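A.B. asks: My file is structure23.cif. It has mmCIF, C-alpha atoms:
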data_run
#
loop_
_atom_site.label_atom_id
_atom_site.label_comp_id
_atom_site.auth_asym_id
_atom_site.auth_seq_id
_atom_site.Cartn_x
_atom_site.Cartn_y
_atom_site.Cartn_z
CA MET D 26 -5.28 -23.27 -16.02
CA PHE D 27 -6.27 -19.65 -15.46
CA CYS D 28 -9.96 -18.84 -15.26
CA THR D 29 -10.96 -17.78 -18.79
CA THR D 30 -14.57 -16.72 -18.17
CA ARG D 31 -14.21 -14.44 -15.15
CA PRO D 32 -10.91 -12.93 -13.99
CA ARG D 33 -9.88 -13.77 -10.46
CA ILE D 34 -7.90 -11.79 -7.89
CA LEU D 35 -6.47 -12.90 -4.55
CA ILE D 36 -6.01 -10.14 -1.98
CA LEU D 37 -3.80 -11.02 0.97
CA GLY D 38 -4.70 -8.68 3.83
CA GLY D 39 -8.26 -7.43 4.15
CA GLY D 40 -7.42 -4.07 5.69
CA TRP D 41 -8.26 -0.57 4.49
CA VAL D 42 -6.55 -0.80 1.09
CA GLY D 43 -7.43 -4.44 0.55
CA GLN D 44 -11.13 -3.79 1.08
CA ASP D 45 -11.15 -0.79 -1.26
CA VAL D 46 -9.41 -2.74 -4.02
CA ALA D 47 -11.76 -5.69 -3.44
CA ALA D 48 -14.77 -3.44 -4.04
CA LEU D 49 -13.17 -1.90 -7.14
CA MET D 50 -12.23 -5.23 -8.70
CA HIS D 51 -15.51 -6.92 -7.79
CA GLY D 52 -17.33 -4.04 -9.47
CA ALA D 53 -15.16 -4.60 -12.55
CA GLY D 54 -16.32 -8.22 -12.78
CA TYR D 55 -13.53 -9.99 -10.90
CA GLU D 56 -14.01 -13.00 -8.67
CA VAL D 57 -12.47 -11.78 -5.40
CA TRP D 58 -10.69 -13.90 -2.81
CA ILE D 59 -9.54 -11.95 0.25
CA SER D 60 -7.72 -13.03 3.41
CA THR D 61 -8.06 -11.64 6.91
CA THR D 62 -6.99 -12.49 10.45
CA SER D 63 -10.56 -11.77 11.66
CA LEU D 64 -13.29 -14.39 11.54
CA ASP D 65 -15.89 -11.61 11.69
CA LYS D 66 -14.41 -10.10 8.54
CA VAL D 67 -14.62 -13.46 6.77
CA THR D 68 -18.38 -13.36 7.33
CA MET D 69 -18.55 -9.74 6.18
CA PHE D 70 -16.58 -10.48 3.01
CA GLU D 71 -18.85 -13.41 2.18
CA SER D 72 -21.88 -11.14 2.55
CA LEU D 73 -20.35 -8.79 -0.05
CA GLY D 74 -19.99 -11.58 -2.58
CA TYR D 75 -16.27 -12.24 -2.00
CA HIS D 76 -14.56 -15.45 -0.92
CA GLY D 77 -13.25 -14.68 2.58
CA VAL D 78 -10.36 -16.75 3.93
CA HIS D 79 -8.97 -16.73 7.47
CA ILE D 80 -5.13 -16.63 7.41
CA ASP D 81 -2.67 -15.35 10.03
CA PHE D 82 0.77 -14.97 8.45
CA ASP D 83 2.36 -14.39 11.87
CA GLY D 84 1.40 -17.90 12.92
CA GLU D 85 2.29 -21.30 11.54
CA LEU D 86 0.39 -22.09 8.34
CA LYS D 87 -1.14 -25.43 9.21
CA GLY D 88 -3.14 -27.79 7.04
CA GLU D 89 -4.94 -27.00 3.84
CA ILE D 90 -5.99 -23.40 3.19
CA ALA D 91 -9.05 -23.16 0.97
CA LEU D 92 -7.66 -21.11 -1.93
CA PRO D 93 -7.89 -21.61 -5.70
CA ASP D 94 -4.98 -23.26 -7.50
CA SER D 95 -4.68 -20.31 -9.88
CA VAL D 96 -5.66 -16.65 -10.03
CA ASP D 97 -4.96 -13.88 -12.47
CA PHE D 98 -3.57 -11.39 -9.95
CA VAL D 99 -2.36 -11.24 -6.36
CA LEU D 100 -2.48 -8.06 -4.29
CA ASN D 101 -0.26 -8.46 -1.26
CA SER D 102 -1.33 -5.90 1.33
CA VAL D 103 -0.05 -7.88 4.31
CA PRO D 104 1.38 -5.06 6.46
CA ALA D 105 5.09 -4.30 6.41
CA THR D 106 6.04 -1.38 8.63
CA SER D 107 9.23 -0.11 10.21
CA ARG D 108 7.54 -0.58 13.61
CA ASN D 109 8.01 -4.34 13.24
CA THR D 110 11.28 -6.08 14.03
CA ALA D 111 13.30 -7.64 11.24
CA GLU D 112 12.57 -11.07 12.73
CA VAL D 113 8.80 -10.54 12.68
CA LEU D 114 8.83 -9.27 9.10
CA ASP D 115 11.09 -12.09 7.93
CA SER D 116 8.83 -14.75 9.43
CA ARG D 117 5.66 -13.05 8.17
CA PHE D 118 6.80 -12.75 4.58
CA ARG D 119 8.44 -16.16 4.44
CA ASN D 120 4.95 -17.46 5.23
CA VAL D 121 3.46 -15.31 2.46
CA GLU D 122 6.12 -16.57 0.06
CA CYS D 123 5.39 -20.17 1.01
CA LEU D 124 1.68 -19.72 0.40
CA LEU D 125 2.12 -17.99 -2.96
CA GLN D 126 4.47 -20.72 -4.17
CA ARG D 127 1.44 -23.03 -4.11
CA ILE D 128 -0.60 -20.83 -6.47
CA VAL D 129 -0.22 -20.02 -10.17
CA PHE D 130 -0.69 -16.32 -11.00
CA LYS D 131 0.22 -13.83 -13.70
CA LYS D 132 1.21 -10.81 -11.62
CA HIS D 133 1.79 -9.90 -7.96
CA ILE D 134 1.74 -6.39 -6.44
CA PHE D 135 3.36 -6.04 -3.01
CA LEU D 136 2.49 -2.93 -1.02
CA SER D 137 5.57 -1.59 0.75
CA SER D 138 6.19 1.91 2.13
CA ILE D 139 8.24 5.01 1.38
CA GLY D 140 9.43 4.52 4.96
CA VAL D 141 12.13 2.45 3.26
CA TYR D 142 13.85 5.78 2.44
CA PRO D 143 15.69 7.62 5.25
CA ASP D 144 14.09 10.55 7.08
CA LYS D 145 16.74 12.97 5.86
CA ASP D 146 16.92 15.93 3.49
CA GLY D 147 16.81 14.82 -0.13
CA LEU D 148 14.80 13.87 -3.18
CA TYR D 149 14.19 10.12 -3.31
CA ASP D 150 13.16 8.15 -6.37
CA GLU D 151 13.27 4.45 -7.22
CA GLU D 152 16.85 4.74 -8.51
CA TRP D 153 18.20 6.14 -5.24
CA THR D 154 21.21 4.07 -4.19
CA GLY D 155 21.79 5.13 -0.56
CA GLU D 156 21.00 3.13 2.55
CA LEU D 157 17.42 1.85 2.87
CA ASP D 158 15.53 0.64 5.93
CA LYS D 159 16.75 -2.95 6.34
CA ARG D 160 13.46 -4.26 7.74
CA LEU D 161 11.27 -2.99 4.91
CA LEU D 162 13.91 -3.78 2.29
CA GLY D 163 14.13 -7.32 3.65
CA ALA D 164 10.38 -7.81 3.20
CA GLU D 165 10.59 -6.44 -0.34
CA GLN D 166 13.47 -8.76 -1.20
CA ILE D 167 11.56 -11.83 -0.03
CA MET D 168 8.56 -10.85 -2.13
CA LYS D 169 10.76 -10.10 -5.14
CA THR D 170 11.80 -13.76 -5.24
CA LEU D 171 8.43 -14.22 -6.91
CA PRO D 172 9.40 -13.34 -10.51
CA VAL D 173 6.24 -11.48 -11.55
CA THR D 174 6.29 -8.93 -8.71
CA LEU D 175 5.69 -5.19 -8.73
CA VAL D 176 6.61 -3.38 -5.51
CA TYR D 177 4.49 -0.31 -4.73
CA ARG D 178 6.05 1.92 -2.07
CA LEU D 179 3.09 3.85 -0.68
CA GLY D 180 3.25 7.35 0.74
CA GLY D 181 1.25 8.41 3.79
CA LEU D 182 -2.22 7.09 3.08
CA PHE D 183 -5.33 9.23 3.54
CA GLY D 184 -8.90 9.52 2.28
CA LYS D 185 -12.44 8.76 3.42
CA GLU D 186 -12.47 8.88 7.24
CA ARG D 187 -8.66 9.05 7.47
CA ILE D 188 -7.98 12.81 7.61
CA PHE D 189 -4.55 14.20 8.50
CA ALA D 190 -5.81 17.01 10.76
CA LYS D 191 -7.64 14.50 13.00
CA TYR D 192 -4.35 13.38 14.48
CA PHE D 193 -3.26 16.84 15.68
CA GLY D 194 -6.38 18.46 17.18
CA GLY D 195 -5.40 20.27 20.38
CA ARG D 196 -1.83 18.96 20.18
CA VAL D 197 1.47 20.56 19.28
CA CYS D 198 2.58 19.55 15.79
CA GLN D 199 6.34 19.14 15.54
CA SER D 200 6.51 18.08 11.87
CA GLY D 201 4.62 20.95 10.25
CA GLU D 202 7.56 22.19 8.16
CA GLN D 203 8.15 18.80 6.54
CA PRO D 204 6.95 18.17 2.97
CA ALA D 205 3.87 15.94 2.76
CA ASN D 206 4.61 12.71 0.90
CA PHE D 207 0.99 11.58 0.88
CA ILE D 208 -1.37 9.62 -1.35
CA HIS D 209 -5.17 9.34 -1.50
CA LEU D 210 -6.82 5.93 -1.20
CA GLU D 211 -8.72 6.38 -4.48
CA ASP D 212 -5.47 6.93 -6.38
CA VAL D 213 -3.86 3.91 -4.71
CA SER D 214 -6.70 1.61 -5.75
CA ALA D 215 -6.78 3.01 -9.28
CA LEU D 216 -3.01 2.56 -9.68
CA ILE D 217 -3.20 -1.02 -8.38
CA LYS D 218 -5.85 -1.90 -10.99
CA LEU D 219 -3.87 -0.18 -13.75
CA GLY D 220 -0.68 -1.87 -12.58
CA PHE D 221 -2.26 -5.28 -12.94
CA GLU D 222 -3.58 -4.41 -16.38
CA SER D 223 -0.61 -2.54 -17.85
CA LEU D 224 2.73 -2.64 -15.99
CA PRO D 225 5.27 -5.36 -16.81
CA PRO D 226 7.00 -6.95 -13.81
CA PRO D 227 9.40 -6.94 -12.11
CA ASP D 228 9.71 -3.29 -11.07
CA ILE D 229 9.43 -0.84 -8.17
CA TYR D 230 7.24 2.28 -8.03
CA ASN D 231 6.77 5.06 -5.51
CA ILE D 232 3.06 5.80 -5.09
CA VAL D 233 3.00 9.44 -3.95
CA ALA D 234 0.87 12.42 -4.97
CA PRO D 235 2.88 14.75 -7.25
CA MET D 236 2.50 17.86 -5.06
CA HIS D 237 4.26 18.25 -1.69
CA PRO D 238 2.86 21.09 0.41
CA THR D 239 4.05 21.30 4.00
CA LYS D 240 2.30 19.17 6.58
CA LYS D 241 1.24 22.38 8.33
CA GLU D 242 -0.53 23.52 5.17
CA VAL D 243 -2.29 20.14 4.89
CA ILE D 244 -3.41 20.23 8.52
CA LEU D 245 -4.82 23.75 8.19
CA ALA D 246 -6.59 22.89 4.91
CA SER D 247 -8.14 19.64 6.13
CA ALA D 248 -9.15 21.13 9.51
CA SER D 249 -10.95 23.92 7.67
CA LYS D 250 -12.58 21.57 5.15
CA TYR D 251 -13.90 19.09 7.73
CA GLY D 252 -14.46 21.42 10.69
CA LEU D 253 -11.81 19.79 12.85
CA LEU D 254 -9.96 21.15 15.89
CA LEU D 255 -6.67 22.88 15.06
CA PRO D 256 -3.37 21.97 16.72
CA SER D 257 -2.56 23.92 19.86
CA GLY D 258 0.62 25.08 18.14
CA PHE D 259 3.39 24.32 15.67
CA ASP D 260 6.90 23.66 16.95
CA PRO D 261 9.19 22.72 14.03
CA LEU D 262 11.29 20.23 15.96
CA ALA D 263 11.45 17.73 13.07
CA ASN D 264 11.93 19.74 9.89
CA HIS D 265 13.97 17.55 7.53
CA GLN D 266 13.07 18.11 3.89
CA LYS D 267 12.41 14.61 2.56
CA VAL D 268 10.61 14.54 -0.79
CA VAL D 269 9.67 11.25 -2.45
CA SER D 270 9.04 11.37 -6.20
CA GLY D 271 6.23 9.33 -7.74
CA GLN D 272 6.94 10.56 -11.26
CA LYS D 273 8.01 7.17 -12.60
CA ILE D 274 4.54 5.58 -12.49
CA ILE D 275 2.94 8.78 -13.81
CA ASP D 276 5.22 8.58 -16.85
CA ARG D 277 4.73 4.84 -17.39
CA LEU D 278 0.93 4.92 -17.18
CA LYS D 279 0.29 8.51 -18.32
CA TYR D 280 -1.71 8.71 -15.11
CA SER D 281 -3.58 11.82 -13.98
CA TYR D 282 -4.09 11.89 -10.23
CA LYS D 283 -7.62 12.30 -8.88
CA TYR D 284 -6.01 14.06 -5.92
CA PRO D 285 -2.68 15.55 -7.07
CA SER D 286 -2.28 17.60 -3.89
CA PRO D 287 -2.84 16.58 -0.25
CA LEU D 288 -4.47 20.00 0.19
CA ASP D 289 -7.46 18.52 -1.68
CA PHE D 290 -7.81 15.29 0.32
#
Can you give me the file's structure in the form of structure tokens?

C.D. replies:
Amino acid sequence: MFCTTRPRILILGGGWVGQDVAALMHGAGYEVWISTTSLDKVTMFESLGYHGVHIDFDGELKGEIALPDSVDFVLNSVPATSRNTAEVLDSRFRNVECLLQRIVFKKHIFLSSIGVYPDKDGLYDEEWTGELDKRLLGAEQIMKTLPVTLVYRLGGLFGKERIFAKYFGGRVCQSGEQPANFIHLEDVSALIKLGFESLPPPDIYNIVAPMHPTKKEVILASASKYGLLLPSGFDPLANHQKVVSGQKIIDRLKYSYKYPSPLDF
């Protein structure tokens, strides 16, 4: 049976997004269970009033894992990046799938990446039918075997201490002419909560701020705002014009972004 007195969420992956969503949902009255590969983080999560669980999905899942039999929602923020090999991602998400098959839940959101789309000129939405990154697509397909799954393909994630200009101070930027397909952490967390509450699964959504200034413009704006060192120069070596549309979820939820432009991050 689902908990009827206090809603319950399981967050797999206690990283940057997972922690922000945990705080948001806990503040909204949810009982929060959150996994991490760090024993120190388990202690930290317990101190915040969450149920911290130590799980490493890149290892063999041995014995009993202390999780509830049922939850209302599952946020799957176990990392899937194109830096991983197909073999690593397949093993990792087969383990996630195995774990989730033991639990009853109403809805599951899997956080993927717009890196699934090619780094080529074009406008990419969820209906795009060209070739996708096989590693990320493979992870998505494993997670989509769970029938109540929403896939969120996140843009470049910024906010709080993660500021785009920090990564280019004193260096030559070679991607300054590219459009910024970015998203602010506060909008990600808000859209996750709204997705659990309002979006019917299964489906796929790009989670990207609606405005796409150039990366050079974002660097200059954020360096000025936060007093950061500017790049030593801009050399437009990589200048493909890839734009990822997040209009679908805006239309479905009638959502107004807190940060519609990366210039405001």

A.B. asks: Considering all atoms listed in the file, state which residue in the set D:Lys87, D:His133, D:Arg178, D:His51 is at the smallest distance from Thr106 in chain D.

C.D. replies: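 Under the stated criterion, the closest residue is D:Arg178.
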
A.B. asks: Near Gly258 in chain D, counting all atoms listed in the file, which residues have an atom at most 7 Å away, once you skip same-chain residues fewer than 5 positions from it, shown as a list of chain:residue names?

C.D. replies: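 Neighbouring residues, sequence-local ones excluded: D:Arg196, D:Val197, D:Cys198.
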
A.B. asks: Quick one: of D:Thr170, D:Asn231, D:Ser60, D:Gln272, who's nearest to Leu92 in chain D, counting all atoms listed in the file?

C.D. replies: D:Ser60

A.B. asks: Just how far from CA of Tyr149 in chain D is CA of Arg277 in chain D, in Å to one decimal?

C.D. replies: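 Interatomic distance here is 17.8 Å.
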
A.B. asks: Leaving out Leu288 in chain D and any residue of its chain fewer than 2 positions from it, which residues lie within 6 Å of it when counting only C-alpha atoms, given as number ranges by chain?

C.D. replies: D: 243, 246, 286, 290

A.B. asks: For each of D:Leu148, D:Asp276, D:Phe207, D:Gly194, take the minimum atom-to-atom distance to Phe259 in chain D, counting all atoms listed in the file, then give the residue where this is smallest.

C.D. replies: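 For Phe259 in chain D, the nearest of the given residues is D:Gly194.
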
A.B. asks: Applying the PyMOL selection byres ((chain D and resi 58) around 7) to the file I just gave you, which residues come out? Please list them as a short mmCIF file (atom, residue, chain, number, x, y, z; two decimals) with C-alpha atoms, in the coordinates of the input.

C.D. replies:
data_model
loop_
_atom_site.label_atom_id
_atom_site.label_comp_id
_atom_site.auth_asym_id
_atom_site.auth_seq_id
_atom_site.Cartn_x
_atom_site.Cartn_y
_atom_site.Cartn_z
CA ILE D 34 -7.90 -11.79 -7.89
CA LEU D 35 -6.47 -12.90 -4.55
CA ILE D 36 -6.01 -10.14 -1.98
CA GLU D 56 -14.01 -13.00 -8.67
CA VAL D 57 -12.47 -11.78 -5.40
CA ILE D 59 -9.54 -11.95 0.25
CA SER D 60 -7.72 -13.03 3.41
CA TYR D 75 -16.27 -12.24 -2.00
CA HIS D 76 -14.56 -15.45 -0.92
CA GLY D 77 -13.25 -14.68 2.58
#

A.B. asks: When distances are computed from all atoms listed in the file, which of D:Phe221, D:Tyr280, D:Phe193, D:Phe70 shows the smallest separation from Gly43 in chain D?

C.D. replies: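 That would be D:Phe70, the residue with the smallest distance to Gly43 in chain D.
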
A.B. asks: Show me the residues close to (10.8, -11.9, -9.2) - anything with an atom within 12 Å, counting only C-alpha atoms - and format the list as a PDB file with C-alpha atoms, in the frame of the given file.

C.D. replies:
ATOM      1  CA  GLU D 122       6.120 -16.570   0.060  1.00  0.00           C
ATOM      2  CA  GLN D 126       4.470 -20.720  -4.170  1.00  0.00           C
ATOM      3  CA  LYS D 131       0.220 -13.830 -13.700  1.00  0.00           C
ATOM      4  CA  LYS D 132       1.210 -10.810 -11.620  1.00  0.00           C
ATOM      5  CA  HIS D 133       1.790  -9.900  -7.960  1.00  0.00           C
ATOM      6  CA  ILE D 134       1.740  -6.390  -6.440  1.00  0.00           C
ATOM      7  CA  PHE D 135       3.360  -6.040  -3.010  1.00  0.00           C
ATOM      8  CA  GLU D 165      10.590  -6.440  -0.340  1.00  0.00           C
ATOM      9  CA  GLN D 166      13.470  -8.760  -1.200  1.00  0.00           C
ATOM     10  CA  ILE D 167      11.560 -11.830  -0.030  1.00  0.00           C
ATOM     11  CA  MET D 168       8.560 -10.850  -2.130  1.00  0.00           C
ATOM     12  CA  LYS D 169      10.760 -10.100  -5.140  1.00  0.00           C
ATOM     13  CA  THR D 170      11.800 -13.760  -5.240  1.00  0.00           C
ATOM     14  CA  LEU D 171       8.430 -14.220  -6.910  1.00  0.00           C
ATOM     15  CA  PRO D 172       9.400 -13.340 -10.510  1.00  0.00           C
ATOM     16  CA  VAL D 173       6.240 -11.480 -11.550  1.00  0.00           C
ATOM     17  CA  THR D 174       6.290  -8.930  -8.710  1.00  0.00           C
ATOM     18  CA  LEU D 175       5.690  -5.190  -8.730  1.00  0.00           C
ATOM     19  CA  VAL D 176       6.610  -3.380  -5.510  1.00  0.00           C
ATOM     20  CA  PRO D 225       5.270  -5.360 -16.810  1.00  0.00           C
ATOM     21  CA  PRO D 226       7.000  -6.950 -13.810  1.00  0.00           C
ATOM     22  CA  PRO D 227       9.400  -6.940 -12.110  1.00  0.00           C
ATOM     23  CA  ASP D 228       9.710  -3.290 -11.070  1.00  0.00           C
ATOM     24  CA  ILE D 229       9.430  -0.840  -8.170  1.00  0.00           C
TER      25      ILE D 229
END

A.B. asks: Step by step: start from the point (9.9, 16.6, 1.0) in the file's coordinates, keep every protein, DNA or RNA residue that has an atom no farther than 12 Å from it, count all atoms listed in the file, and write the set as an MDAnalysis selection string.

C.D. replies: chainID D and resid 139 142:150 180 200:207 233:240 264:271

A.B. asks: Would you mind exporting the chosen residues as a JSON list (two decimals), in the frame of the given file, restricted to C-alpha atoms?

C.D. replies:
[["chain", "number", "residue", "atom", "x", "y", "z"],
["D", 139, "ILE", "CA", 8.24, 5.01, 1.38],
["D", 142, "TYR", "CA", 13.85, 5.78, 2.44],
["D", 143, "PRO", "CA", 15.69, 7.62, 5.25],
["D", 144, "ASP", "CA", 14.09, 10.55, 7.08],
["D", 145, "LYS", "CA", 16.74, 12.97, 5.86],
["D", 146, "ASP", "CA", 16.92, 15.93, 3.49],
["D", 147, "GLY", "CA", 16.81, 14.82, -0.13],
["D", 148, "LEU", "CA", 14.80, 13.87, -3.18],
["D", 149, "TYR", "CA", 14.19, 10.12, -3.31],
["D", 150, "ASP", "CA", 13.16, 8.15, -6.37],
["D", 180, "GLY", "CA", 3.25, 7.35, 0.74],
["D", 200, "SER", "CA", 6.51, 18.08, 11.87],
["D", 201, "GLY", "CA", 4.62, 20.95, 10.25],
["D", 202, "GLU", "CA", 7.56, 22.19, 8.16],
["D", 203, "GLN", "CA", 8.15, 18.80, 6.54],
["D", 204, "PRO", "CA", 6.95, 18.17, 2.97],
["D", 205, "ALA", "CA", 3.87, 15.94, 2.76],
["D", 206, "ASN", "CA", 4.61, 12.71, 0.90],
["D", 207, "PHE", "CA", 0.99, 11.58, 0.88],
["D", 233, "VAL", "CA", 3.00, 9.44, -3.95],
["D", 234, "ALA", "CA", 0.87, 12.42, -4.97],
["D", 235, "PRO", "CA", 2.88, 14.75, -7.25],
["D", 236, "MET", "CA", 2.50, 17.86, -5.06],
["D", 237, "HIS", "CA", 4.26, 18.25, -1.69],
["D", 238, "PRO", "CA", 2.86, 21.09, 0.41],
["D", 239, "THR", "CA", 4.05, 21.30, 4.00],
["D", 240, "LYS", "CA", 2.30, 19.17, 6.58],
["D", 264, "ASN", "CA", 11.93, 19.74, 9.89],
["D", 265, "HIS", "CA", 13.97, 17.55, 7.53],
["D", 266, "GLN", "CA", 13.07, 18.11, 3.89],
["D", 267, "LYS", "CA", 12.41, 14.61, 2.56],
["D", 268, "VAL", "CA", 10.61, 14.54, -0.79],
["D", 269, "VAL", "CA", 9.67, 11.25, -2.45],
["D", 270, "SER", "CA", 9.04, 11.37, -6.20],
["D", 271, "GLY", "CA", 6.23, 9.33, -7.74]]

A.B. asks: CA of Val67 in chain D and CA of Ser102 in chain D are how many Å apart?

C.D. replies: 16.2 Å

A.B. asks: Restricting the calculation to only C-alpha atoms: of D:Ala164, D:Leu224, D:Leu245, D:Val213, which residue gets closest to Asp289 in chain D?

C.D. replies: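 Ranking D:Ala164, D:Leu224, D:Leu245, D:Val213 by distance to Asp289 in chain D, first place goes to D:Leu245.
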
A.B. asks: Given the choices D:Leu49, D:Ile128, D:Ala111, D:Leu210, which gets closest to Ala91 in chain D if the distance is worked out from all atoms listed in the file?

C.D. replies: D:Ile128

A.B. asks: Quick one: pull the distance between CA of Leu100 in chain D and CA of Gly52 in chain D, Å, one decimal.

C.D. replies: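 Between these atoms lies a distance of 16.2 Å.
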
A.B. asks: Residues at most 12 Å from range 63-65 of chain D, counting all atoms listed in the file, excluding those fewer than 2 positions away in the same chain, as a PDB file with C-alpha atoms, in the frame of the given file?

C.D. replies:
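As a result, around-v2.pdb now contains:
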ATOM      1  CA  GLY D  38      -4.700  -8.680   3.830  1.00  0.00           C
ATOM      2  CA  GLY D  39      -8.260  -7.430   4.150  1.00  0.00           C
ATOM      3  CA  GLY D  40      -7.420  -4.070   5.690  1.00  0.00           C
ATOM      4  CA  ILE D  59      -9.540 -11.950   0.250  1.00  0.00           C
ATOM      5  CA  SER D  60      -7.720 -13.030   3.410  1.00  0.00           C
ATOM      6  CA  THR D  61      -8.060 -11.640   6.910  1.00  0.00           C
ATOM      7  CA  VAL D  67     -14.620 -13.460   6.770  1.00  0.00           C
ATOM      8  CA  THR D  68     -18.380 -13.360   7.330  1.00  0.00           C
ATOM      9  CA  MET D  69     -18.550  -9.740   6.180  1.00  0.00           C
ATOM     10  CA  PHE D  70     -16.580 -10.480   3.010  1.00  0.00           C
ATOM     11  CA  GLU D  71     -18.850 -13.410   2.180  1.00  0.00           C
ATOM     12  CA  SER D  72     -21.880 -11.140   2.550  1.00  0.00           C
ATOM     13  CA  GLY D  77     -13.250 -14.680   2.580  1.00  0.00           C
ATOM     14  CA  VAL D  78     -10.360 -16.750   3.930  1.00  0.00           C
ATOM     15  CA  HIS D  79      -8.970 -16.730   7.470  1.00  0.00           C
ATOM     16  CA  ILE D  80      -5.130 -16.630   7.410  1.00  0.00           C
ATOM     17  CA  ASP D  81      -2.670 -15.350  10.030  1.00  0.00           C
TER      18      ASP D  81
END

A.B. asks: Using the atoms already present, construct all heavy atoms for range 122-128 of chain D and hand them back as a PDB file, in the frame of the given file.

C.D. replies:
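Writing the result to part_25.pdb gives the following:
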ATOM      1  N   GLU D 122       5.409 -15.953   1.184  1.00  0.00           N
ATOM      2  CA  GLU D 122       6.120 -16.570   0.060  1.00  0.00           C
ATOM      3  C   GLU D 122       5.748 -18.038  -0.087  1.00  0.00           C
ATOM      4  O   GLU D 122       5.476 -18.521  -1.204  1.00  0.00           O
ATOM      5  CB  GLU D 122       7.624 -16.424   0.268  1.00  0.00           C
ATOM      6  CG  GLU D 122       8.471 -17.069  -0.820  1.00  0.00           C
ATOM      7  CD  GLU D 122       9.943 -17.103  -0.446  1.00  0.00           C
ATOM      8  OE1 GLU D 122      10.267 -17.154   0.768  1.00  0.00           O
ATOM      9  OE2 GLU D 122      10.779 -17.101  -1.363  1.00  0.00           O
ATOM     10  N   CYS D 123       5.723 -18.746   1.034  1.00  0.00           N
ATOM     11  CA  CYS D 123       5.390 -20.170   1.010  1.00  0.00           C
ATOM     12  C   CYS D 123       3.993 -20.403   0.453  1.00  0.00           C
ATOM     13  O   CYS D 123       3.773 -21.289  -0.380  1.00  0.00           O
ATOM     14  CB  CYS D 123       5.511 -20.744   2.424  1.00  0.00           C
ATOM     15  SG  CYS D 123       5.143 -22.506   2.556  1.00  0.00           S
ATOM     16  N   LEU D 124       3.039 -19.575   0.891  1.00  0.00           N
ATOM     17  CA  LEU D 124       1.680 -19.720   0.400  1.00  0.00           C
ATOM     18  C   LEU D 124       1.594 -19.448  -1.099  1.00  0.00           C
ATOM     19  O   LEU D 124       0.956 -20.202  -1.850  1.00  0.00           O
ATOM     20  CB  LEU D 124       0.757 -18.761   1.155  1.00  0.00           C
ATOM     21  CG  LEU D 124      -0.712 -18.802   0.721  1.00  0.00           C
ATOM     22  CD1 LEU D 124      -1.386 -20.055   1.251  1.00  0.00           C
ATOM     23  CD2 LEU D 124      -1.456 -17.568   1.188  1.00  0.00           C
ATOM     24  N   LEU D 125       2.230 -18.367  -1.550  1.00  0.00           N
ATOM     25  CA  LEU D 125       2.120 -17.990  -2.960  1.00  0.00           C
ATOM     26  C   LEU D 125       2.841 -18.966  -3.877  1.00  0.00           C
ATOM     27  O   LEU D 125       2.518 -19.044  -5.075  1.00  0.00           O
ATOM     28  CB  LEU D 125       2.638 -16.571  -3.158  1.00  0.00           C
ATOM     29  CG  LEU D 125       1.768 -15.466  -2.551  1.00  0.00           C
ATOM     30  CD1 LEU D 125       2.372 -14.094  -2.822  1.00  0.00           C
ATOM     31  CD2 LEU D 125       0.345 -15.536  -3.106  1.00  0.00           C
ATOM     32  N   GLN D 126       3.793 -19.709  -3.352  1.00  0.00           N
ATOM     33  CA  GLN D 126       4.470 -20.720  -4.170  1.00  0.00           C
ATOM     34  C   GLN D 126       3.546 -21.876  -4.533  1.00  0.00           C
ATOM     35  O   GLN D 126       3.835 -22.656  -5.436  1.00  0.00           O
ATOM     36  CB  GLN D 126       5.712 -21.227  -3.457  1.00  0.00           C
ATOM     37  CG  GLN D 126       6.858 -20.223  -3.450  1.00  0.00           C
ATOM     38  CD  GLN D 126       8.038 -20.670  -2.627  1.00  0.00           C
ATOM     39  OE1 GLN D 126       7.920 -21.543  -1.752  1.00  0.00           O
ATOM     40  NE2 GLN D 126       9.199 -20.077  -2.874  1.00  0.00           N
ATOM     41  N   ARG D 127       2.405 -21.967  -3.839  1.00  0.00           N
ATOM     42  CA  ARG D 127       1.440 -23.030  -4.110  1.00  0.00           C
ATOM     43  C   ARG D 127       0.434 -22.643  -5.196  1.00  0.00           C
ATOM     44  O   ARG D 127      -0.370 -23.468  -5.625  1.00  0.00           O
ATOM     45  CB  ARG D 127       0.649 -23.381  -2.845  1.00  0.00           C
ATOM     46  CG  ARG D 127       1.473 -23.674  -1.606  1.00  0.00           C
ATOM     47  CD  ARG D 127       0.545 -23.874  -0.420  1.00  0.00           C
ATOM     48  NE  ARG D 127       1.258 -23.831   0.850  1.00  0.00           N
ATOM     49  CZ  ARG D 127       0.659 -23.868   2.044  1.00  0.00           C
ATOM     50  NH1 ARG D 127      -0.661 -23.940   2.100  1.00  0.00           N
ATOM     51  NH2 ARG D 127       1.369 -23.820   3.146  1.00  0.00           N
ATOM     52  N   ILE D 128       0.446 -21.365  -5.599  1.00  0.00           N
ATOM     53  CA  ILE D 128      -0.600 -20.830  -6.470  1.00  0.00           C
ATOM     54  C   ILE D 128       0.038 -20.340  -7.783  1.00  0.00           C
ATOM     55  O   ILE D 128       1.115 -19.749  -7.772  1.00  0.00           O
ATOM     56  CB  ILE D 128      -1.336 -19.667  -5.782  1.00  0.00           C
ATOM     57  CG1 ILE D 128      -1.985 -20.159  -4.486  1.00  0.00           C
ATOM     58  CG2 ILE D 128      -2.392 -19.057  -6.690  1.00  0.00           C
ATOM     59  CD1 ILE D 128      -2.533 -19.042  -3.631  1.00  0.00           C
TER      60      ILE D 128
END
